[in-house]
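To keep things clear, I will list the structure first and then write my remarks on it.
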Amino acid sequence: MIILNKHAYKPIFDWFFLLKFIPHHGIKDILIMNTSNLTPNNEINYLDIVMKGYSNQNNREHLVKYFIRECKNAKLKYYESDEFFSGCLKIIEAFENDINIKIHKRKVELHFMLSAAKNKNIEYGNEDNSKTYEQRCNDTISYCETELKELSKNDYYVHLPSITNNLVFGNMPYGVVLFIEDAIITAYQKILTEKNEVENSTSQIAEIDFNQTSPDYFLEKASELDSAYRQPLVLNRDFITRNENLTKGNKIGEVGTILPDWPENPIEAFELFKKFYAKIQYLHEVSHFLHLFKKWNEDAIGQEQEKIKKFIVEAKKIDLTSLFMKHTVFDDKEFYLRLIHNFYDSHNIKNDSLSASNVYGKYILFKELLEKKISSKQKEITNKQEGKRILKVADWCIIFHYLEKGDEFEDSKKSKIDLYDEFISENQIMGNNQLTTAKYFKRKYHIICNRINGKEDDMKEVVFSDSNPPLPPERIKKILPFIKKNKKAIEFAEDDINYLHNTIEDHKGKGYYE
């Protein structure tokens with residue numbers, strides 16, 4: 001039972017009243033003692049910095065600039081910006097903890113009184129006989145419940161001597177604590193933003209090699225792009241309050257990143273959309289394709305093109321008039337039409353960016369890449385065919401010779417003459433404007449082999465002669481692109497190039513191959 005006797009009744013309620021509405025002391029009441037003698041020269045006294053920042057009128061008027069300046073001074077002592085601002089915010093945290101303790105104590109007192117009044121376990125003095133005991137209990141209940149609802153940090157102050165071990169005197173209102181905290185956060189944000197701008201201006205996103213076939217490569221490029229465009233954000237009280245689910249577990253002063261702000265100008269917003277949002281989706285689309293097909297497979301490219309073509313055909317059936325009059329869009333085909341008909345030249349794309357980036361990344365950027373890939377493949381085939389057309393029958397004999405040495409035909413059970421026939425047909429080897437014959441190819445083939453390896457004379461020695469001179473090494477170099485997939489064949493060819501070069505040098509002046 002709580003007993004409030006006649007001497008205690010009024011003073012207790014006066015004390016409650018004074019605690020709640022105690023006057024906010026101004027900065028003139030805050031006195032700072034000299035604390036420099038307690039701090040080594042190479043260390044920072046964060047309390048001293050915070051208090052001097054606010055107590056000096058000029059610093060207070062330019063508090064953000066003050067903390068930026070102090071951070072730069074701290075760097076001369078080899079303190080990083082995150083370390084400096086963390087130290088300043090710990091002082092603010094200590095101030096707030098002091099107020100939290102006061103509020104907690106006040107809540108305990110109010111709940112204690114409330115419980116006693118509800119249980120009729122409280123006694124009052126005899127000063128006021130106009131109310132019954134029941135009415136007095138109800139008044140107490142009403143008072144306690146009202147104050148519990150209205151309790152606010154703004155009604156409390158920091159008792160500076162108690163948290164600074166009497167180094168600083170006076171009282172600091174909670175509003176001042178928040179003012180200083182906001183200046184610290186703003187200064188930290190400015191320093192990080194300036195640093196980020198410098199880094200982005202001096203670094204370029206590496207050129208993307210779309211000939212790569214690793215899915216992870218394109219995911220890494222997407223991550224690089226994301227990092228390049230994201231901006232640092234120092235979490236402040238307001239941001240954490242407004243984004244409670246997003247910032248759960250984070251503290252004021254912690255550094256994260258946020259997506260770039262959307263320009264108000266629709267054309268500038270669309271540029272950001274294309275260079276950042278849509279391009280990231282595009283890189284993920286490329287990664288997904290390579291994850292499925294492992295390489296730039298022509299058949300797979302064709303299948304993807306057919307899907308995209310079908311999507312576009314269906315999209316173009318939609319009536320543009322009704323589409324452009326709508327305020328919202330829920331279908332990818334509708335987004336596609338808006339994108340290709342310049343809808344976002346006059347409408348800011350920021351509200352549609354998530355869905356529109358999927359459409360732009362796949363049905364515009366990825367579509368263009370697939371077209372380039374197919375065009376490149378076709379050009380490669382054309383160049384290869386043109387290269388084949390300039391080869392003579394003798395050149396094809398050289399190719400066959402090294403493919404044979406490279407075991408290209410090792411598993412074939414066909415006869416040599418059938419192999420000649422098949423090789424001629426596959427490569428469309430022409431002689432006199434028509435496919436050459438296996439018989440002619442065989443004759444040329446033996447001549448080429450003798451000119452590469454030499455020919456046995458009557459004494460069984462391998463020699464070259466006027467009628468069988470060494471094959472010029474350039475002739476072999478010419479056909480290397482046609483055997484490059486067979487590593488063994490390439491090795492034999494390169495050995496023969498060196499051999500023939502030395503042979504020709506050794507036999508200069510002997511009457512043949514001059």
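Ordering of the structure tokens sets the chain letters (A, B, ...), residue numbers begin anew at 1 in every chain, and ligands are numbered from 1 in the order given.
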> So which residues of range 441-507 of chain A fall under strand (DSSP E or B) by DSSP, listed as a ChimeraX atom specification?
Replying inline: /A:455-456,462-463
> Among range 396-482 of chain A, which ones does DSSP place in alpha helix (DSSP H), written as a PyMOL selection string?
Replying inline: chain A and resi 396-405+416-427+438-453+473-479
Any chance you could export the current selection's N, CA and C atoms as a short mmCIF file (atom, residue, chain, number, x, y, z; two decimals), in the first residue's frame?
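Ended up saving to again_10.cif:
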```
data_model
loop_
_atom_site.label_atom_id
_atom_site.label_comp_id
_atom_site.auth_asym_id
_atom_site.auth_seq_id
_atom_site.Cartn_x
_atom_site.Cartn_y
_atom_site.Cartn_z
N TRP A 396 43.83 -27.65 -100.45
CA TRP A 396 42.99 -28.59 -99.72
C TRP A 396 43.73 -29.89 -99.43
N CYS A 397 44.65 -30.22 -100.29
CA CYS A 397 45.48 -31.42 -100.04
C CYS A 397 46.37 -31.22 -98.82
N ILE A 398 46.90 -30.00 -98.68
CA ILE A 398 47.72 -29.68 -97.50
C ILE A 398 46.86 -29.80 -96.23
N ILE A 399 45.64 -29.25 -96.30
CA ILE A 399 44.73 -29.33 -95.16
C ILE A 399 44.44 -30.78 -94.79
N PHE A 400 44.12 -31.59 -95.79
CA PHE A 400 43.81 -33.00 -95.55
C PHE A 400 45.02 -33.71 -94.93
N HIS A 401 46.22 -33.38 -95.43
CA HIS A 401 47.45 -34.00 -94.95
C HIS A 401 47.60 -33.80 -93.43
N TYR A 402 47.40 -32.55 -92.96
CA TYR A 402 47.61 -32.27 -91.53
C TYR A 402 46.44 -32.76 -90.67
N LEU A 403 45.24 -32.72 -91.19
CA LEU A 403 44.11 -33.29 -90.45
C LEU A 403 44.30 -34.79 -90.26
N GLU A 404 44.84 -35.43 -91.29
CA GLU A 404 45.10 -36.87 -91.21
C GLU A 404 46.18 -37.15 -90.17
N LYS A 405 47.25 -36.32 -90.17
CA LYS A 405 48.31 -36.50 -89.18
C LYS A 405 47.80 -36.19 -87.76
N LYS A 416 40.48 -44.87 -98.17
CA LYS A 416 41.11 -43.58 -98.41
C LYS A 416 40.40 -42.82 -99.53
N ILE A 417 40.02 -43.55 -100.59
CA ILE A 417 39.38 -42.89 -101.72
C ILE A 417 38.01 -42.34 -101.33
N ASP A 418 37.30 -43.07 -100.40
CA ASP A 418 36.00 -42.60 -99.92
C ASP A 418 36.17 -41.38 -99.02
N LEU A 419 37.25 -41.38 -98.26
CA LEU A 419 37.54 -40.21 -97.43
C LEU A 419 37.79 -38.98 -98.29
N TYR A 420 38.51 -39.18 -99.39
CA TYR A 420 38.75 -38.08 -100.34
C TYR A 420 37.42 -37.55 -100.86
N ASP A 421 36.56 -38.48 -101.26
CA ASP A 421 35.25 -38.09 -101.82
C ASP A 421 34.43 -37.28 -100.82
N GLU A 422 34.38 -37.77 -99.58
CA GLU A 422 33.60 -37.10 -98.54
C GLU A 422 34.18 -35.71 -98.24
N PHE A 423 35.50 -35.62 -98.17
CA PHE A 423 36.18 -34.36 -97.88
C PHE A 423 35.91 -33.34 -98.98
N ILE A 424 35.94 -33.79 -100.22
CA ILE A 424 35.66 -32.92 -101.37
C ILE A 424 34.23 -32.40 -101.31
N SER A 425 33.31 -33.27 -101.00
CA SER A 425 31.90 -32.90 -100.97
C SER A 425 31.60 -31.92 -99.84
N GLU A 426 32.12 -32.19 -98.65
CA GLU A 426 31.86 -31.35 -97.49
C GLU A 426 32.39 -29.93 -97.69
N ASN A 427 33.54 -29.82 -98.34
CA ASN A 427 34.18 -28.52 -98.48
C ASN A 427 34.02 -27.90 -99.88
N ALA A 438 37.97 -37.51 -106.84
CA ALA A 438 38.83 -38.14 -105.84
C ALA A 438 40.15 -38.58 -106.45
N LYS A 439 40.08 -39.01 -107.74
CA LYS A 439 41.29 -39.48 -108.44
C LYS A 439 42.30 -38.33 -108.59
N TYR A 440 41.76 -37.15 -109.01
CA TYR A 440 42.64 -35.99 -109.20
C TYR A 440 43.19 -35.52 -107.84
N PHE A 441 42.32 -35.53 -106.83
CA PHE A 441 42.70 -35.11 -105.49
C PHE A 441 43.82 -36.01 -104.96
N LYS A 442 43.71 -37.33 -105.23
CA LYS A 442 44.72 -38.29 -104.75
C LYS A 442 46.08 -38.00 -105.36
N ARG A 443 46.06 -37.70 -106.68
CA ARG A 443 47.33 -37.42 -107.36
C ARG A 443 47.99 -36.16 -106.79
N LYS A 444 47.20 -35.13 -106.60
CA LYS A 444 47.73 -33.88 -106.06
C LYS A 444 48.21 -34.07 -104.61
N TYR A 445 47.49 -34.88 -103.89
CA TYR A 445 47.80 -35.12 -102.50
C TYR A 445 49.18 -35.75 -102.34
N HIS A 446 49.51 -36.74 -103.20
CA HIS A 446 50.83 -37.41 -103.12
C HIS A 446 51.95 -36.45 -103.50
N ILE A 447 51.68 -35.58 -104.43
CA ILE A 447 52.70 -34.58 -104.81
C ILE A 447 52.99 -33.66 -103.63
N ILE A 448 51.91 -33.20 -102.97
CA ILE A 448 52.07 -32.30 -101.82
C ILE A 448 52.84 -32.98 -100.70
N CYS A 449 52.52 -34.25 -100.42
CA CYS A 449 53.21 -34.98 -99.35
C CYS A 449 54.71 -35.08 -99.65
N ASN A 450 55.06 -35.35 -100.92
CA ASN A 450 56.48 -35.45 -101.30
C ASN A 450 57.18 -34.11 -101.16
N ARG A 451 56.46 -33.02 -101.42
CA ARG A 451 57.09 -31.70 -101.34
C ARG A 451 57.23 -31.23 -99.88
N ILE A 452 56.48 -31.85 -98.99
CA ILE A 452 56.62 -31.52 -97.57
C ILE A 452 57.67 -32.40 -96.92
N ASN A 453 57.63 -33.69 -97.24
CA ASN A 453 58.49 -34.66 -96.54
C ASN A 453 59.71 -35.09 -97.33
N PRO A 473 57.06 -22.59 -97.12
CA PRO A 473 56.38 -22.56 -95.82
C PRO A 473 55.11 -21.69 -95.83
N GLU A 474 55.10 -20.64 -96.68
CA GLU A 474 53.94 -19.75 -96.75
C GLU A 474 52.68 -20.50 -97.17
N ARG A 475 52.85 -21.56 -97.96
CA ARG A 475 51.70 -22.34 -98.41
C ARG A 475 51.02 -23.02 -97.20
N ILE A 476 51.83 -23.47 -96.25
CA ILE A 476 51.27 -24.11 -95.06
C ILE A 476 50.66 -23.06 -94.12
N LYS A 477 51.35 -21.92 -93.98
CA LYS A 477 50.82 -20.86 -93.13
C LYS A 477 49.43 -20.42 -93.59
N LYS A 478 49.24 -20.45 -94.91
CA LYS A 478 47.97 -20.01 -95.50
C LYS A 478 46.78 -20.85 -95.03
N ILE A 479 47.01 -22.13 -94.77
CA ILE A 479 45.89 -23.02 -94.43
C ILE A 479 45.72 -23.23 -92.92
#
```
>> List the spatial neighbours of range 273-288 of chain A as an MDAnalysis selection string - criterion: any atom at most 6 Å away, only C-alpha atoms, same-chain residues fewer than 5 positions off excluded.
In response: chainID A and resid 215 218 222 357:358 360:361
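The coordinates place CA of Lys350 in chain A at 29.0 Å from CA of Asp182 in chain A.
Among the candidate residues A:Lys52, A:Ser322, A:Asn196, A:Phe289, the one lying nearest to Asp216 in chain A is A:Phe289, with distances computed using only C-alpha atoms.
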> Hey, can you check how far CA of Gln428 in chain A sits from CA of Ile483 in chain A?
Replying inline: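 Pair CA of Gln428 in chain A / CA of Ile483 in chain A returns 16.5 Å.
Considering only C-alpha atoms, the residue among A:Ile185, A:Val158, A:Val462, A:Leu219 positioned nearest to His291 in chain A is A:Leu219.
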>> Show me, as an NGL selection string, the residues that have an atom within 12 Å of Ser81 in chain A when counting only C-alpha atoms, minus same-chain residues fewer than 6 positions from it.
In response: :A and (67-75 or 87-88 or 184-185 or 187-192 or 195 or 253 or 255)
>> Between CA of Asp82 in chain A and CA of Val234 in chain A, what is the distance in Å, rounded to a tenth?
In response: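 So the answer is 10.3 Å.
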